[in-house]
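So this block is start33.cif, mmCIF, C-alpha atoms:
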data_my_file
loop_
_atom_site.label_atom_id
_atom_site.label_comp_id
_atom_site.auth_asym_id
_atom_site.auth_seq_id
_atom_site.Cartn_x
_atom_site.Cartn_y
_atom_site.Cartn_z
CA MET G 1 51.41 28.36 -34.19
CA GLU G 2 49.67 25.04 -33.50
CA GLN G 3 52.45 23.99 -31.17
CA ILE G 4 52.30 27.26 -29.22
CA ARG G 5 48.52 26.83 -28.86
CA PHE G 6 48.82 23.30 -27.50
CA LEU G 7 51.68 24.32 -25.20
CA LEU G 8 49.60 27.17 -23.72
CA GLY G 9 46.57 24.90 -23.30
CA THR G 10 48.65 22.24 -21.55
CA ILE G 11 50.20 24.81 -19.20
CA PHE G 12 46.77 26.14 -18.21
CA ILE G 13 45.28 22.67 -17.68
CA LEU G 14 48.27 21.53 -15.60
CA ALA G 15 47.99 24.68 -13.46
CA GLY G 16 44.28 23.94 -12.96
CA LEU G 17 45.01 20.36 -11.96
CA PHE G 18 47.63 21.63 -9.47
CA VAL G 19 45.04 23.90 -7.83
CA PHE G 20 42.48 21.07 -7.81
CA GLY G 21 45.08 18.91 -6.05
CA ILE G 22 45.65 21.57 -3.38
CA ALA G 23 41.87 21.86 -2.89
CA THR G 24 41.50 18.11 -2.42
CA LEU G 25 44.39 18.02 0.03
CA GLY G 26 42.88 20.87 2.04
CA LEU G 27 39.44 19.29 2.00
CA PHE G 28 40.83 16.19 3.68
CA ARG G 29 43.37 17.84 5.98
CA PHE G 30 41.21 20.56 7.54
CA ARG G 31 38.98 19.54 10.44
CA TYR G 32 36.33 22.27 10.64
CA VAL G 33 33.49 22.96 8.20
CA LEU G 34 34.27 26.61 7.56
CA ASN G 35 37.92 25.91 6.70
CA ARG G 36 36.92 23.16 4.30
CA VAL G 37 34.27 25.31 2.63
CA HIS G 38 36.86 28.05 2.21
CA VAL G 39 39.20 25.66 0.39
CA ALA G 40 36.48 24.11 -1.74
CA ALA G 41 34.98 27.45 -2.80
CA LYS G 42 38.13 29.39 -3.65
CA CYS G 43 40.28 26.66 -5.18
CA ASP G 44 37.48 25.11 -7.23
CA SER G 45 36.54 28.46 -8.76
CA LEU G 46 40.12 29.21 -9.80
CA ALA G 47 40.89 25.67 -10.97
CA SER G 48 37.78 25.34 -13.11
CA LEU G 49 38.60 28.69 -14.73
CA LEU G 50 42.16 27.54 -15.50
CA VAL G 51 41.03 24.18 -16.92
CA CYS G 52 38.35 25.85 -19.06
CA VAL G 53 40.85 28.40 -20.42
CA GLY G 54 43.19 25.53 -21.29
CA LEU G 55 40.38 23.73 -23.08
CA MET G 56 39.57 26.96 -24.97
CA PHE G 57 43.11 26.94 -26.38
CA TYR G 58 42.65 23.31 -27.42
CA ALA G 59 39.20 23.84 -28.95
CA GLY G 60 40.12 26.64 -31.33
CA ASN G 61 36.73 27.39 -32.88
CA LEU G 62 34.50 30.19 -31.61
CA GLY G 63 31.42 28.10 -30.76
CA SER G 64 33.26 25.84 -28.34
CA ILE G 65 35.03 28.83 -26.75
CA LEU G 66 31.71 30.55 -26.06
CA LYS G 67 30.24 27.36 -24.62
CA LEU G 68 33.24 26.99 -22.27
CA LEU G 69 32.82 30.65 -21.30
CA LEU G 70 29.21 29.86 -20.33
CA VAL G 71 30.44 26.97 -18.18
CA VAL G 72 32.85 29.31 -16.39
CA ILE G 73 30.10 31.89 -15.82
CA LEU G 74 27.74 29.27 -14.42
CA ILE G 75 30.37 27.90 -12.05
CA TRP G 76 31.36 31.39 -10.89
CA LEU G 77 27.74 32.27 -10.23
CA SER G 78 26.73 29.10 -8.41
CA ASN G 79 29.84 27.96 -6.52
CA PRO G 80 30.24 31.04 -4.26
CA VAL G 81 26.53 31.13 -3.45
CA ALA G 82 26.43 27.43 -2.55
CA SER G 83 29.47 27.83 -0.30
CA HIS G 84 27.94 30.93 1.28
CA LEU G 85 24.77 29.01 2.11
CA VAL G 86 26.71 26.13 3.68
CA CYS G 87 28.60 28.62 5.89
CA LYS G 88 25.38 30.43 6.79
CA ILE G 89 23.71 27.21 7.89
CA GLU G 90 26.77 26.31 9.97
CA VAL G 91 26.80 29.70 11.72
CA GLU G 92 23.04 29.63 12.33
CA THR G 93 22.79 26.09 13.66
CA ASN G 94 26.07 25.44 15.48
CA LYS G 95 25.40 26.16 19.15
CA GLU G 96 29.11 26.35 20.02
CA ILE G 97 30.22 28.51 17.12
CA GLU G 98 32.02 30.93 19.47
CA LYS G 99 34.50 28.17 20.32
CA GLU G 100 35.55 27.99 16.67
CA CYS G 101 35.61 31.59 15.53
CA GLU G 102 34.38 35.08 16.27
CA VAL G 103 30.89 35.81 15.00
CA GLU G 104 29.23 39.18 14.48
CA ARG G 105 25.77 39.15 15.95
CA MET N 1 22.11 53.21 -14.95
CA SER N 2 22.53 56.30 -17.12
CA GLY N 3 21.85 54.41 -20.34
CA LEU N 4 18.47 53.15 -19.19
CA SER N 5 15.12 54.57 -20.22
CA GLU N 6 12.71 55.97 -17.63
CA GLU N 7 10.80 52.68 -17.47
CA GLY N 8 14.01 50.68 -17.13
CA LYS N 9 15.11 52.88 -14.24
CA LYS N 10 11.71 52.31 -12.61
CA ASP N 11 12.16 48.54 -12.96
CA VAL N 12 15.64 48.65 -11.42
CA LYS N 13 14.26 50.75 -8.54
CA LYS N 14 11.45 48.23 -8.05
CA PHE N 15 13.93 45.35 -7.97
CA THR N 16 16.29 47.01 -5.46
CA ASP N 17 13.33 47.93 -3.25
CA TRP N 18 12.14 44.33 -3.37
CA VAL N 19 15.61 43.02 -2.50
CA ASN N 20 15.86 45.46 0.39
CA ALA N 21 12.43 44.42 1.65
CA ASN N 22 13.48 40.76 1.61
CA SER N 23 16.94 41.27 3.05
CA GLU N 24 18.32 39.12 5.79
CA GLU N 25 17.68 41.45 8.70
CA ILE N 26 15.31 40.02 11.28
CA PRO N 27 12.81 42.63 12.47
CA PRO N 28 13.01 43.15 16.24
CA GLU N 29 10.10 42.49 18.51
CA ILE N 30 7.88 45.56 18.64
CA VAL N 31 5.52 46.19 21.53
CA TYR N 32 2.84 48.80 21.00
CA PRO N 33 2.01 50.95 22.84
CA PRO N 34 5.26 51.11 24.88
CA LYS N 35 5.11 50.00 28.49
CA HIS N 36 5.25 52.58 31.33
CA ASP N 37 6.34 51.61 34.79
CA ASP N 38 3.94 53.96 36.59
CA HIS N 39 0.92 52.20 35.07
CA HIS N 40 1.95 49.05 36.82
CA GLY N 41 -0.62 48.86 39.60
CA HIS N 42 -3.66 50.01 37.66
CA GLY N 43 -4.59 46.73 36.01
CA HIS N 44 -4.96 46.28 32.28
CA GLU N 45 -6.15 49.52 30.81
CA HIS N 46 -5.04 48.94 27.26
CA LYS N 47 -4.35 45.83 25.25
CA GLU N 48 -0.81 45.21 24.12
CA ILE N 49 -0.21 44.46 20.49
CA VAL N 50 2.88 42.27 20.13
CA ILE N 51 4.36 41.87 16.69
CA PRO N 52 6.54 38.76 16.95
CA HIS N 53 9.85 38.71 15.18
CA GLU N 54 10.42 36.08 12.57
CA GLU N 55 11.58 32.78 14.02
CA THR N 56 15.25 32.07 13.62
CA LEU N 57 16.40 28.70 12.42
CA ARG N 58 17.78 27.85 15.84
CA GLU N 59 14.44 28.38 17.56
CA LYS N 60 12.74 26.22 14.96
CA MET N 61 15.27 23.47 15.53
CA ALA N 62 14.70 23.58 19.29
CA LYS N 63 10.96 23.01 18.75
CA ARG N 64 11.66 20.24 16.31
CA GLU N 65 14.00 18.46 18.72
CA HIS N 66 11.22 18.45 21.31
CA ILE N 67 8.82 16.78 18.87
CA ASP N 68 11.46 14.24 17.83
CA GLU N 69 12.07 13.30 21.48
CA ASN N 70 8.36 12.60 22.02
CA PHE N 71 8.27 10.45 18.91
CA GLN N 72 11.34 8.50 20.00
CA GLU N 73 9.80 7.78 23.41
CA GLU N 74 6.62 6.43 21.80
CA TRP N 75 8.62 4.29 19.42
CA GLN N 76 10.73 2.87 22.26
CA ASN N 77 7.54 1.94 24.15
CA VAL N 78 6.25 0.01 21.13
CA MET N 79 9.53 -1.84 20.72
CA GLN N 80 9.69 -2.61 24.46
CA LYS N 81 6.21 -4.17 24.33
CA ALA N 82 7.25 -6.34 21.41
CA ASN N 83 10.30 -7.55 23.33
CA ASP N 84 8.38 -8.38 26.52
CA ASP N 85 5.49 -10.27 24.90
CA PRO N 86 6.64 -13.52 23.23
CA SER N 87 3.41 -14.06 21.27
CA SER N 88 3.20 -10.56 19.81
CA PRO N 89 2.85 -10.22 16.02
CA GLU N 90 5.92 -7.96 15.99
CA ARG N 91 8.18 -10.97 16.67
CA TRP N 92 6.64 -13.07 13.92
CA TYR N 93 6.94 -10.13 11.58
CA ARG N 94 10.64 -9.76 12.35
CA LEU N 95 11.28 -13.48 11.88
CA ALA N 96 9.36 -13.59 8.59
CA SER N 97 11.07 -10.48 7.26
CA SER N 98 14.57 -11.78 8.01
CA ILE N 99 13.82 -15.14 6.36
CA GLY N 100 12.30 -13.38 3.34
CA GLY N 101 15.30 -11.07 3.04
CA ALA N 102 17.73 -14.01 3.18
CA LEU N 103 15.76 -15.85 0.46
CA ILE N 104 15.86 -12.82 -1.85
CA VAL N 105 19.62 -12.48 -1.34
CA LEU N 106 20.06 -16.19 -2.14
CA VAL N 107 18.01 -15.98 -5.35
CA LEU N 108 19.92 -12.88 -6.50
CA LEU N 109 23.31 -14.52 -5.81
CA ILE N 110 22.32 -17.67 -7.78
CA THR N 111 21.14 -15.50 -10.69
CA VAL N 112 24.40 -13.54 -10.74
CA ALA N 113 26.40 -16.77 -10.68
CA ASN N 114 24.52 -18.06 -13.74
CA LEU N 115 24.90 -14.90 -15.84
CA PRO N 116 26.83 -15.24 -19.12
CA ARG N 117 30.32 -13.73 -19.23
CA PHE N 118 30.42 -10.01 -19.99
CA GLY N 119 30.75 -9.41 -23.72
CA SER N 120 30.45 -13.05 -24.75
CA PRO N 121 28.69 -13.60 -28.12
CA ASP N 122 26.16 -16.05 -26.60
CA ALA N 123 24.75 -13.42 -24.23
CA PRO N 124 21.04 -12.67 -24.73
CA ALA N 125 21.85 -8.97 -25.09
CA MET N 126 23.71 -9.65 -28.36
CA ASN N 127 20.69 -11.00 -30.30
CA GLU N 128 19.17 -9.61 -33.48
CA VAL N 129 16.88 -7.12 -31.67
CA ALA N 130 19.72 -4.78 -30.70
CA ARG N 131 21.23 -5.03 -34.19
CA ARG N 132 17.90 -4.16 -35.79
CA TYR N 133 17.48 -1.10 -33.54
CA LEU N 134 20.88 0.21 -34.57
CA GLU N 135 20.68 -0.67 -38.26
CA SER N 136 17.15 0.39 -39.23
CA GLY N 137 16.18 2.61 -36.28
CA LEU N 138 16.73 5.86 -38.18
CA GLN N 139 14.64 4.69 -41.14
CA GLU N 140 11.75 3.32 -39.11
CA THR N 141 11.44 5.95 -36.36
CA GLY N 142 12.94 9.02 -38.02
CA ALA N 143 14.86 9.95 -34.85
CA VAL N 144 18.57 10.75 -35.13
CA ASN N 145 19.07 9.91 -31.44
CA SER N 146 18.62 6.14 -31.51
CA VAL N 147 17.96 6.00 -27.75
CA ALA N 148 14.89 8.23 -28.19
CA GLY N 149 13.75 6.03 -31.07
CA MET N 150 14.10 2.98 -28.86
CA ILE N 151 12.36 4.20 -25.70
CA LEU N 152 9.59 6.23 -27.34
CA ASP N 153 8.86 4.15 -30.44
CA TYR N 154 9.86 0.50 -30.19
CA ARG N 155 9.40 0.37 -26.43
CA ALA N 156 6.90 3.18 -25.86
CA PHE N 157 4.71 0.93 -23.73
CA ASP N 158 7.61 0.43 -21.32
CA THR N 159 8.10 4.19 -21.05
CA LEU N 160 4.39 4.62 -20.33
CA GLY N 161 4.87 2.24 -17.40
CA GLU N 162 7.76 4.35 -16.09
CA SER N 163 5.68 7.54 -16.26
CA VAL N 164 2.79 5.81 -14.48
CA VAL N 165 5.18 4.74 -11.71
CA LEU N 166 6.09 8.42 -11.12
CA PHE N 167 2.41 9.40 -11.14
CA THR N 168 1.56 6.61 -8.69
CA ALA N 169 4.35 7.70 -6.33
CA THR N 170 2.97 11.25 -6.21
CA VAL N 171 -0.61 10.07 -5.70
CA THR N 172 0.49 7.75 -2.87
CA VAL N 173 2.35 10.56 -1.11
CA ILE N 174 -0.72 12.79 -1.43
CA PHE N 175 -2.90 10.10 0.17
CA LEU N 176 -0.46 9.45 3.01
CA LEU N 177 0.03 13.13 3.81
CA GLN N 178 -3.69 13.82 3.80
CA GLN N 179 -4.07 11.10 6.41
CA LYS N 180 -1.33 12.66 8.52
CA GLU N 181 -3.02 16.03 8.32
CA ARG N 182 -6.30 14.51 9.50
CA ASN N 183 -4.72 12.77 12.50
CA HIS N 184 -2.66 15.67 13.81
CA ASN N 185 -3.84 19.05 14.81
CA LYS N 186 -3.12 21.22 11.81
CA GLU N 187 -2.45 24.31 13.90
CA ASP N 188 0.27 22.46 15.82
CA ILE N 189 2.03 21.60 12.59
CA GLU N 190 1.75 25.13 11.26
CA ALA N 191 3.12 26.52 14.51
CA VAL N 192 6.33 24.60 13.88
CA ASP N 193 6.63 24.81 10.12
CA GLY N 194 4.53 27.79 9.12
CA ASN N 195 4.21 29.01 5.57
CA TYR N 196 7.69 28.73 4.07
CA LYS N 197 8.85 32.26 3.31
CA GLY N 198 12.07 31.54 1.51
CA ILE N 199 15.71 31.71 2.36
CA ARG N 200 17.10 34.66 4.35
CA SER N 201 20.10 35.22 2.13
CA LEU N 202 20.57 38.10 -0.26
CA PRO N 203 23.23 36.52 -2.56
CA ALA N 204 21.15 33.40 -3.13
CA LYS N 205 18.10 35.49 -4.02
CA VAL N 206 19.94 37.65 -6.54
CA ILE N 207 21.76 34.75 -8.22
CA VAL N 208 18.64 32.59 -8.48
CA ALA N 209 16.66 35.55 -9.86
CA ILE N 210 19.28 35.78 -12.62
CA THR N 211 19.74 32.07 -13.37
CA PHE N 212 16.20 30.68 -12.89
CA PRO N 213 14.91 31.59 -16.40
CA PHE N 214 17.98 30.05 -18.03
CA ILE N 215 17.58 26.81 -16.06
CA ILE N 216 13.96 26.45 -17.23
CA LEU N 217 14.95 27.38 -20.80
CA TYR N 218 17.72 24.78 -20.84
CA GLY N 219 15.32 22.11 -19.56
CA ILE N 220 12.80 22.95 -22.28
CA TYR N 221 15.58 22.81 -24.90
CA ILE N 222 16.60 19.32 -23.75
CA VAL N 223 12.99 18.09 -23.84
CA LEU N 224 12.30 19.49 -27.33
CA ASN N 225 15.64 18.34 -28.73
CA GLY N 226 15.25 14.82 -27.32
CA HIS N 227 15.04 13.05 -30.69
CA LEU N 228 18.09 14.89 -32.08
CA SER N 229 20.62 14.91 -29.24
CA PRO N 230 21.19 13.04 -25.98
CA GLY N 231 18.51 13.90 -23.46
CA GLY N 232 14.77 13.77 -23.77
CA GLY N 233 11.74 13.87 -21.54
CA PHE N 234 13.25 12.31 -18.45
CA SER N 235 16.42 14.36 -18.19
CA GLY N 236 14.86 17.63 -19.38
CA GLY N 237 11.91 17.18 -17.05
CA ALA N 238 14.29 16.57 -14.15
CA ILE N 239 16.09 19.85 -14.94
CA ILE N 240 12.82 21.82 -15.09
CA GLY N 241 11.62 20.21 -11.86
CA ALA N 242 14.90 20.99 -10.11
CA GLY N 243 14.65 24.61 -11.30
CA LEU N 244 11.15 24.90 -9.85
CA VAL N 245 12.34 23.37 -6.58
CA LEU N 246 15.21 25.89 -6.47
CA ASN N 247 12.74 28.72 -7.03
CA HIS N 248 10.53 27.46 -4.19
CA LEU N 249 13.52 26.99 -1.86
CA VAL N 250 14.82 30.50 -2.39
CA PHE N 251 11.71 32.65 -2.81
CA GLY N 252 9.22 30.73 -0.67
CA GLN N 253 5.84 29.17 -1.13
CA GLU N 254 3.83 32.29 -1.92
CA PHE N 255 6.02 33.39 -4.84
CA SER N 256 6.38 29.86 -6.18
CA GLU N 257 2.63 29.33 -6.28
CA LYS N 258 2.38 32.07 -8.88
CA PHE N 259 3.95 29.60 -11.33
CA ILE N 260 2.79 26.22 -10.17
CA ASN N 261 1.37 24.40 -7.18
CA VAL N 262 0.47 20.84 -6.33
CA ASN N 263 -3.06 21.04 -7.69
CA LYS N 264 -1.82 22.29 -11.06
CA CYS N 265 0.84 19.56 -10.97
CA LYS N 266 -1.80 16.87 -10.47
CA LYS N 267 -3.81 18.13 -13.45
CA LEU N 268 -0.74 18.48 -15.68
CA MET N 269 0.48 14.98 -14.83
CA ALA N 270 -2.89 13.38 -15.50
CA GLY N 271 -3.20 15.38 -18.72
CA GLY N 272 0.29 14.39 -19.89
CA LEU N 273 -0.39 10.70 -19.24
CA PHE N 274 -3.76 10.91 -20.99
CA VAL N 275 -2.27 12.50 -24.12
CA TYR N 276 0.52 9.89 -24.12
CA ILE N 277 -1.96 7.00 -23.88
CA ALA N 278 -4.24 8.48 -26.55
CA LEU N 279 -1.41 9.05 -29.08
CA LYS N 280 0.21 5.68 -28.50
CA THR N 281 -3.10 3.79 -28.60
CA TYR N 282 -3.78 5.30 -32.02
CA SER N 283 -0.33 4.39 -33.29
CA ILE N 284 -0.44 0.82 -31.92
CA LEU N 285 -3.97 0.15 -33.20
CA THR N 286 -3.21 1.38 -36.72
CA GLY N 287 0.19 -0.33 -36.82
CA ALA N 288 -1.09 -3.68 -35.56
CA ASN N 289 -3.92 -3.76 -38.11
CA GLY N 290 -1.75 -2.71 -41.03
CA ILE N 291 -3.48 0.64 -41.54
CA ASN N 292 -1.51 3.71 -42.61
CA SER N 293 -1.42 5.96 -39.53
CA HIS N 294 -0.72 9.17 -41.53
CA ILE N 295 1.94 10.30 -39.07
CA PRO N 296 4.72 11.92 -41.13
CA LEU N 297 8.23 10.94 -40.04
CA GLY N 298 9.66 14.20 -41.36
CA LYS N 299 13.18 14.89 -42.58
CA ALA N 300 15.69 13.23 -40.25
CA GLY N 301 17.63 15.81 -38.29
CA SER N 302 15.09 18.64 -38.35
CA ILE N 303 13.18 19.62 -35.22
CA PHE N 304 9.81 18.39 -36.51
CA SER N 305 10.80 14.81 -37.24
CA GLY N 306 10.52 11.43 -35.64
CA GLY N 307 6.73 11.19 -35.88
CA LEU N 308 5.20 10.73 -32.42
CA ILE N 309 8.51 10.95 -30.55
CA PHE N 310 8.36 14.75 -30.36
CA PRO N 311 4.94 15.03 -28.59
CA LEU N 312 5.59 11.94 -26.46
CA ASN N 313 8.84 13.51 -25.22
CA ILE N 314 6.89 16.61 -24.17
CA CYS N 315 4.36 14.47 -22.28
CA VAL N 316 7.11 12.58 -20.44
CA GLY N 317 8.89 15.86 -19.65
CA VAL N 318 5.72 17.38 -18.14
CA VAL N 319 5.10 14.30 -16.02
CA VAL N 320 8.69 14.13 -14.73
CA ALA N 321 8.92 17.87 -13.97
CA CYS N 322 5.62 17.83 -12.09
CA THR N 323 6.65 14.73 -10.13
CA VAL N 324 9.94 16.25 -9.02
CA PHE N 325 8.30 19.50 -7.99
CA SER N 326 5.22 18.03 -6.30
CA LEU N 327 7.20 15.43 -4.33
CA TYR N 328 9.24 18.34 -2.97
CA SER N 329 6.40 20.75 -2.31
CA LEU N 330 4.08 18.13 -0.79
CA PHE N 331 6.54 17.79 2.08
CA THR N 332 7.00 21.53 2.62
CA ASP N 333 3.62 23.16 1.90
CA TRP N 334 0.84 22.50 4.34
CA SER N 335 -1.94 24.46 2.72
CA SER N 336 -2.29 22.21 -0.31
#
Encoding of this model in structure tokens:
Amino acid sequence: MEQIRFLLGTIFILAGLFVFGIATLGLFRFRYVLNRVHVAAKCDSLASLLVCVGLMFYAGNLGSILKLLLVVILIWLSNPVASHLVCKIEVETNKEIEKECEVER
Amino acid sequence: MSGLSEEGKKDVKKFTDWVNANSEEIPPEIVYPPKHDDHHGHGHEHKEIVIPHEETLREKMAKREHIDENFQEEWQNVMQKANDDPSSPERWYRLASSIGGALIVLVLLITVANLPRFGSPDAPAMNEVARRYLESGLQETGAVNSVAGMILDYRAFDTLGESVVLFTATVTVIFLLQQKERNHNKEDIEAVDGNYKGIRSLPAKVIVAITFPFIILYGIYIVLNGHLSPGGGFSGGAIIGAGLVLNHLVFGQEFSEKFINVNKCKKLMAGGLFVYIALKTYSILTGANGINSHIPLGKAGSIFSGGLIFPLNICVGVVVACTVFSLYSLFTDWSS
């Protein structure tokens, strides 16, 4: 039972690290703000969820699991909004936004 | 929705109405009464009432760029004068400042070269003071968190200095900004900046409305639990201040002033410092003269323990939170 628990936790954490790696790669490879925000927002949300689930398997007791759940909720509330605001500022202030993408006015 | 009582439904309705009223749509320019082409030659018979639409960010930036250009021109003129005139004080100031900077760098490099090796037993950091803090800190201060015992009991005077530095920074900014307001035409400034009405983004408003109480609650928890767990006045106060700044950023000046404004901040900071000084003066005077101060240390580990550390933490937290918030709002609010 213990071994299965640790195996599951390790699998989840490794998957999270893989997604974090993709996010970092995308953050450095993409040139434009909106592409980079897209990578940072989506991959970070998924990866932090995976890592936290892995840590829940490791932790075992209920108190730690609930605390990790709170961390996930906080990240899922704040990360999309922060990314949304960065995109909004870019669309509102970039004078040549039409060159990069189509914008609904 | 179906499980809610009548009052709950009313509250939900109120909230959705409020969100709709503050949504991101920009009202169009309305001209009343509407223009008619056939009235063109008859002069002005009626006055037009123009309701301007809210300024977009891009228009604001255009105005700002204009102001920045004027400032840059003035600055370039000053620098040009300094370059042309060999006896101007600007030149001497530049020479003196570069020599002074080089001297400071030299002194710092010599000091670093003479430092003892990291972790060596002869280092001044390894003397008996640190050992005493760790060995008998719990007995003498009653605080489980030895850092809190150190900064708010053994070295409380040092912490008072840190809080006064924050207070002084705020007071200095208030003085400087009042001067700026006197020199410039206030209406010009308000035409550019206006009264900050909050962010035009629905998701940010909803999420901050949900999380804001929890941020403040967490900050208060860290301040009150300072003598039991890592944290204390400085970190908890920073969290509370950041929460207030977030509230101001998202909901605007008018809503934020319902909680706190700069004037309240000034009073709270002065009050916090005064309470700190009064409590610590009592404790130092009684301790130095060998009088029993009658401050119970309490049972180590419970919330009411650690003697004066608990109230002092609250004072520091109030001062830090007010500093963070007032340094932000002094630069955004013009009415204060």
Checklist entry - N:Gly231, N:Gly298, N:Pro121, N:Pro203: which is nearest chain G, counting all atoms listed in the file? => result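 Nearest candidate to chain G out of N:Gly231, N:Gly298, N:Pro121, N:Pro203: N:Pro203.
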Item to check | Distance-based interface of chain G with chain N, 9 Å, counting only C-alpha atoms, as a count of residues only | outcome: 13
Next on the checklist: Once the PyMOL selection byres ((chain N and resi 311) around 10) has been evaluated on this model, what residues remain selected, and can you format them as a ChimeraX atom specification?
Outcome noted: /N:223-224,233,272,275-276,279,304,306-310,312-317
Checklist entry - Of the residues G:Phe57, G:Leu70, G:Cys43, G:Glu102, which is the one nearest to Gln3 of chain G, using only C-alpha atoms? => result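 The closest residue to Gln3 of chain G is G:Phe57.
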Item to check | Resolved residues for the PyMOL selection byres ((chain G and resi 28-37) around 12) as a ChimeraX atom specification | outcome: /G:21-27,38-44,79-91,94,97,99-101
Item to check | Interatomic distance, atom CA of Gly232 of chain N to atom CA of Ile295 of chain N (Å, one decimal) | outcome: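 Straight-line distance from atom CA of Gly232 of chain N to atom CA of Ile295 of chain N works out to 20.3 Å.
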Next on the checklist: As an exercise, work out the distance from atom CA of Met269 of chain N to atom CA of His248 of chain N in Å and give it to one decimal place.
Outcome noted: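 Separation of atom CA of Met269 of chain N and atom CA of His248 of chain N: 19.2 Å.
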Checklist entry - Which is closest to Leu17 of chain G among G:Leu69, G:Met56, G:Leu62, G:Leu49, if we use all atoms listed in the file? => result G:Leu49
Item to check | Between atom CA of Val320 of chain N and atom CA of Phe234 of chain N, distance in Å (one decimal) | outcome: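 One can read the atom CA of Val320 of chain N to atom CA of Phe234 of chain N distance as 6.2 Å.
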Next on the checklist: Take the PyMOL selection byres ((chain N and resi 146-160) around 9), run it mentally on this structure, and tell me the resulting residues as number ranges by chain.
Outcome noted: N: 133-134, 137-138, 140-145, 161-165, 226-232, 273, 276-277, 280, 306, 308-309, 312-313, 316
Print the selection's residues with C-alpha atoms to a file, as a CSV table (one decimal), keeping the file's coordinate frame.
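Below is the file that was written, selection.csv:
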chain,number,residue,atom,x,y,z
N,133,TYR,CA,17.5,-1.1,-33.5
N,134,LEU,CA,20.9,0.2,-34.6
N,137,GLY,CA,16.2,2.6,-36.3
N,138,LEU,CA,16.7,5.9,-38.2
N,140,GLU,CA,11.8,3.3,-39.1
N,141,THR,CA,11.4,6.0,-36.4
N,142,GLY,CA,12.9,9.0,-38.0
N,143,ALA,CA,14.9,10.0,-34.8
N,144,VAL,CA,18.6,10.8,-35.1
N,145,ASN,CA,19.1,9.9,-31.4
N,161,GLY,CA,4.9,2.2,-17.4
N,162,GLU,CA,7.8,4.4,-16.1
N,163,SER,CA,5.7,7.5,-16.3
N,164,VAL,CA,2.8,5.8,-14.5
N,165,VAL,CA,5.2,4.7,-11.7
N,226,GLY,CA,15.2,14.8,-27.3
N,227,HIS,CA,15.0,13.0,-30.7
N,228,LEU,CA,18.1,14.9,-32.1
N,229,SER,CA,20.6,14.9,-29.2
N,230,PRO,CA,21.2,13.0,-26.0
N,231,GLY,CA,18.5,13.9,-23.5
N,232,GLY,CA,14.8,13.8,-23.8
N,273,LEU,CA,-0.4,10.7,-19.2
N,276,TYR,CA,0.5,9.9,-24.1
N,277,ILE,CA,-2.0,7.0,-23.9
N,280,LYS,CA,0.2,5.7,-28.5
N,306,GLY,CA,10.5,11.4,-35.6
N,308,LEU,CA,5.2,10.7,-32.4
N,309,ILE,CA,8.5,11.0,-30.6
N,312,LEU,CA,5.6,11.9,-26.5
N,313,ASN,CA,8.8,13.5,-25.2
N,316,VAL,CA,7.1,12.6,-20.4
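Shortest separation to Arg5 of chain G among G:Ala47, G:Ile75, G:Cys52, G:Ala59 occurs at residue G:Ala59, atoms counted being all atoms listed in the file.
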Item to check | Distance query Ile13 of chain G at most 9 Å, all atoms listed in the file, self and fewer than 4 positions along chain excluded, as a VMD selection string | outcome: chain G and resid 8 to 9 17 to 18 47 50 to 55
Checklist outcome for this item: If you count all atoms listed in the file, the residue of N:Ala169, N:Ile222, N:Cys265, N:Ile303 closest to Gly236 of chain N turns out to be N:Ile222
